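Asker: Input entry_26.pdb, format and content: PDB, C-alpha atoms.
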```pdb
ATOM      1  CA  MET A 297     111.042  62.259 146.088
ATOM      2  CA  LYS A 298     112.672  63.642 149.195
ATOM      3  CA  LEU A 299     110.563  63.566 152.326
ATOM      4  CA  LEU A 300     111.147  67.306 152.613
ATOM      5  CA  THR A 301     109.090  67.613 149.418
ATOM      6  CA  TYR A 302     106.437  65.299 150.859
ATOM      7  CA  ASN A 303     106.007  67.734 153.743
ATOM      8  CA  PHE A 304     104.713  70.397 151.324
ATOM      9  CA  LEU A 305     102.454  68.330 149.031
ATOM     10  CA  THR A 306      98.681  68.657 149.298
ATOM     11  CA  SER A 307      95.640  67.484 147.352
ATOM     12  CA  LYS A 308      93.674  70.674 148.013
ATOM     13  CA  CYS A 309      93.205  71.256 144.263
ATOM     14  CA  ILE A 310      90.749  68.342 144.036
ATOM     15  CA  ARG A 311      87.167  69.582 143.831
ATOM     16  CA  GLY A 312      85.544  69.473 147.277
ATOM     17  CA  VAL A 313      88.737  68.955 149.258
ATOM     18  CA  GLN A 314      89.049  71.412 152.144
ATOM     19  CA  VAL A 315      92.508  70.626 153.552
ATOM     20  CA  GLY A 316      94.036  67.697 151.646
ATOM     21  CA  TYR A 317      96.953  67.445 154.046
ATOM     22  CA  PRO A 318      98.904  65.504 155.144
ATOM     23  CA  LEU A 319      98.804  62.937 152.396
ATOM     24  CA  LYS A 320      99.112  59.316 153.493
ATOM     25  CA  LEU A 321     102.497  58.051 152.330
ATOM     26  CA  SER A 322     102.934  54.433 151.272
ATOM     27  CA  ILE A 323     106.472  53.429 150.385
ATOM     28  CA  VAL A 324     107.471  50.500 148.185
ATOM     29  CA  GLU A 325     111.120  51.408 147.529
ATOM     30  CA  THR A 326     113.561  53.951 148.954
ATOM     31  CA  LYS A 327     117.134  54.902 148.284
ATOM     32  CA  VAL A 328     119.480  56.600 150.752
ATOM     33  CA  VAL A 329     121.702  59.328 149.320
ATOM     34  CA  HIS A 330     124.121  60.739 151.886
ATOM     35  CA  THR A 331     124.435  64.525 152.022
ATOM     36  CA  ASP A 332     126.468  66.834 154.231
ATOM     37  CA  PHE A 333     124.692  67.772 157.447
ATOM     38  CA  ASN A 334     123.634  71.422 157.590
ATOM     39  CA  SER A 335     122.111  72.203 160.991
ATOM     40  CA  GLU A 336     121.321  75.794 159.976
ATOM     41  CA  PHE A 337     119.169  74.648 157.049
ATOM     42  CA  ILE A 338     117.308  72.090 159.171
ATOM     43  CA  THR A 339     116.745  74.673 161.922
ATOM     44  CA  ARG A 340     115.330  77.166 159.393
ATOM     45  CA  MET A 341     112.944  74.491 158.076
ATOM     46  CA  LEU A 342     111.507  73.626 161.509
ATOM     47  CA  PRO A 343     108.639  76.183 161.464
ATOM     48  CA  ARG A 344     107.545  74.886 158.043
ATOM     49  CA  LEU A 345     107.350  71.221 159.038
ATOM     50  CA  GLU A 346     104.142  69.396 159.828
ATOM     51  CA  TRP A 347     105.717  67.430 162.680
ATOM     52  CA  ASN A 348     103.089  64.656 162.858
ATOM     53  CA  ALA A 349     103.393  63.970 159.118
ATOM     54  CA  ILE A 350     107.193  63.884 159.319
ATOM     55  CA  CYS A 351     107.023  61.515 162.328
ATOM     56  CA  ALA A 352     104.726  59.183 160.383
ATOM     57  CA  ALA A 353     107.053  59.305 157.371
ATOM     58  CA  ALA A 354     110.068  58.630 159.598
ATOM     59  CA  THR A 355     108.345  55.596 161.112
ATOM     60  CA  ASN A 356     107.393  54.462 157.606
ATOM     61  CA  ILE A 357     111.079  54.364 156.584
ATOM     62  CA  GLY A 358     112.219  52.726 159.832
ATOM     63  CA  SER A 359     113.675  55.847 161.418
ATOM     64  CA  GLU A 360     112.622  57.354 164.723
ATOM     65  CA  ILE A 361     112.289  60.988 165.705
ATOM     66  CA  PRO A 362     110.506  62.261 168.835
ATOM     67  CA  GLN A 363     106.695  62.188 168.634
ATOM     68  CA  THR A 364     106.592  65.875 169.563
ATOM     69  CA  MET A 365     109.085  68.509 168.504
ATOM     70  CA  PRO A 366     111.504  69.080 171.400
ATOM     71  CA  ALA A 367     111.351  72.631 172.781
ATOM     72  CA  ASP A 368     115.124  73.005 172.511
ATOM     73  CA  ILE A 369     115.522  71.179 169.196
ATOM     74  CA  GLN A 370     117.930  73.843 167.874
ATOM     75  CA  ASN A 371     120.411  72.630 170.509
ATOM     76  CA  ASP A 372     119.680  68.909 170.057
ATOM     77  CA  ALA A 373     122.302  67.827 167.492
ATOM     78  CA  GLU A 374     121.205  64.171 167.550
ATOM     79  CA  THR A 375     117.575  64.965 166.698
ATOM     80  CA  LEU A 376     118.631  67.498 164.040
ATOM     81  CA  GLN A 377     120.828  64.840 162.409
ATOM     82  CA  LYS A 378     117.988  62.307 162.450
ATOM     83  CA  LEU A 379     115.702  64.923 160.933
ATOM     84  CA  HIS A 380     118.332  65.710 158.291
ATOM     85  CA  HIS A 381     118.464  62.021 157.388
ATOM     86  CA  VAL A 382     114.679  61.697 157.144
ATOM     87  CA  LEU A 383     114.124  64.913 155.170
ATOM     88  CA  LEU A 384     117.133  65.057 152.868
ATOM     89  CA  GLU A 385     118.829  61.671 152.584
ATOM     90  CA  VAL A 386     115.891  59.324 151.991
ATOM     91  CA  ASP A 387     114.493  59.312 148.462
ATOM     92  CA  VAL A 388     111.161  57.592 147.887
ATOM     93  CA  ILE A 389     111.617  55.840 144.545
ATOM     94  CA  GLU A 390     108.311  53.947 144.334
ATOM     95  CA  GLY A 391     105.148  54.330 146.345
ATOM     96  CA  SER A 392     102.015  56.425 146.566
ATOM     97  CA  LEU A 393     100.371  59.388 148.248
ATOM     98  CA  GLU A 394      96.712  59.239 149.289
ATOM     99  CA  CYS A 395      94.384  62.177 149.845
ATOM    100  CA  PRO A 396      93.059  62.003 153.432
ATOM    101  CA  GLU A 397      89.644  63.358 152.375
ATOM    102  CA  THR A 398      88.859  61.603 149.081
ATOM    103  CA  GLY A 399      91.117  58.565 149.117
ATOM    104  CA  ARG A 400      92.504  59.586 145.699
ATOM    105  CA  VAL A 401      95.869  57.874 145.199
ATOM    106  CA  PHE A 402      98.774  59.616 143.482
ATOM    107  CA  PRO A 403     101.573  57.261 142.365
ATOM    108  CA  ILE A 404     105.264  57.899 142.959
ATOM    109  CA  ILE A 405     107.232  56.421 140.064
ATOM    110  CA  ASN A 406     111.002  56.753 139.656
ATOM    111  CA  GLY A 407     111.020  59.263 142.518
ATOM    112  CA  ILE A 408     108.429  61.577 140.942
ATOM    113  CA  PRO A 409     104.972  62.010 142.483
ATOM    114  CA  ASN A 410     102.297  62.266 139.779
ATOM    115  CA  MET A 411      99.866  64.823 141.194
ATOM    116  CA  LEU A 412      98.020  65.429 137.914
ATOM    117  CA  LEU A 413      94.251  65.468 138.267
ATOM    118  CA  ASN A 414      91.604  64.063 135.944
ATOM    119  CA  GLU A 415      89.329  66.599 134.281
ATOM    120  CA  ASN A 416      86.373  65.679 136.523
ATOM    121  CA  GLU A 417      88.441  66.306 139.693
ATOM    122  CA  VAL A 418      89.189  69.968 138.989
TER     123      VAL A 418
END
```
What do you get writing this file as structure tokens?
Answerer:
Amino acid sequence: MKLLTYNFLTSKCIRGVQVGYPLKLSIVETKVVHTDFNSEFITRMLPRLEWNAICAAATNIGSEIPQTMPADIQNDAETLQKLHHVLLEVDVIEGSLECPETGRVFPIINGIPNMLLNENEV
């Protein structure tokens, strides 16, 4: 699972959950897959990112990005490259996602988050 995908996952479908975001990410295994840097793509994604969740994920994988989004990030090539690495080059192979409201844990196995709900959760 790419961390870009993680940015968009929510547990709001669970009965009683109001927000369900951001999910708490626990990582057991990652794999780095290098991809060509595309600053335009990263810049277009900026408004869609939950910066605090991405910062926590970056820290979780041992990478650092600024704690707050820089005002001139479009012109900050170093930060854009770090963000590219975090969002697109790191694959979470094994781990879990936890709902912040219910504590429900969703496993990540072979890079695929299992977000299926039990019948009593819908």
Asker: Report as a ChimeraX atom specification the full result of the PyMOL selection byres ((chain A and resi 317-333) around 9) when it is applied to this structure.
Answerer: /A:302-308,315-316,334-335,337-338,346,348-349,352-353,356-357,376-377,380-381,384-397,404,407
Asker: I'd like to see the residues matched by the PyMOL selection byres ((chain A and resi 360-365) around 8) on this file, and ideally I'd get them as a PDB file with C-alpha atoms, in the frame of the given file.
Answerer:
```pdb
ATOM      1  CA  TRP A 347     105.717  67.430 162.680  1.00  0.00           C
ATOM      2  CA  ASN A 348     103.089  64.656 162.858  1.00  0.00           C
ATOM      3  CA  CYS A 351     107.023  61.515 162.328  1.00  0.00           C
ATOM      4  CA  ALA A 354     110.068  58.630 159.598  1.00  0.00           C
ATOM      5  CA  THR A 355     108.345  55.596 161.112  1.00  0.00           C
ATOM      6  CA  GLY A 358     112.219  52.726 159.832  1.00  0.00           C
ATOM      7  CA  SER A 359     113.675  55.847 161.418  1.00  0.00           C
ATOM      8  CA  PRO A 366     111.504  69.080 171.400  1.00  0.00           C
ATOM      9  CA  ALA A 367     111.351  72.631 172.781  1.00  0.00           C
ATOM     10  CA  ILE A 369     115.522  71.179 169.196  1.00  0.00           C
ATOM     11  CA  THR A 375     117.575  64.965 166.698  1.00  0.00           C
ATOM     12  CA  LYS A 378     117.988  62.307 162.450  1.00  0.00           C
ATOM     13  CA  LEU A 379     115.702  64.923 160.933  1.00  0.00           C
TER      14      LEU A 379
END
```
Asker: Take CA of Asn406 (chain A) and CA of Leu383 (chain A) and report the distance between them in Å, one decimal.
Answerer: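 Taking CA of Asn406 (chain A) as the start and CA of Leu383 (chain A) as the end point, the length is 17.8 Å.
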Asker: CA of Val418 (chain A) and CA of Ile310 (chain A), how far apart in Å?
Answerer: 5.5 Å
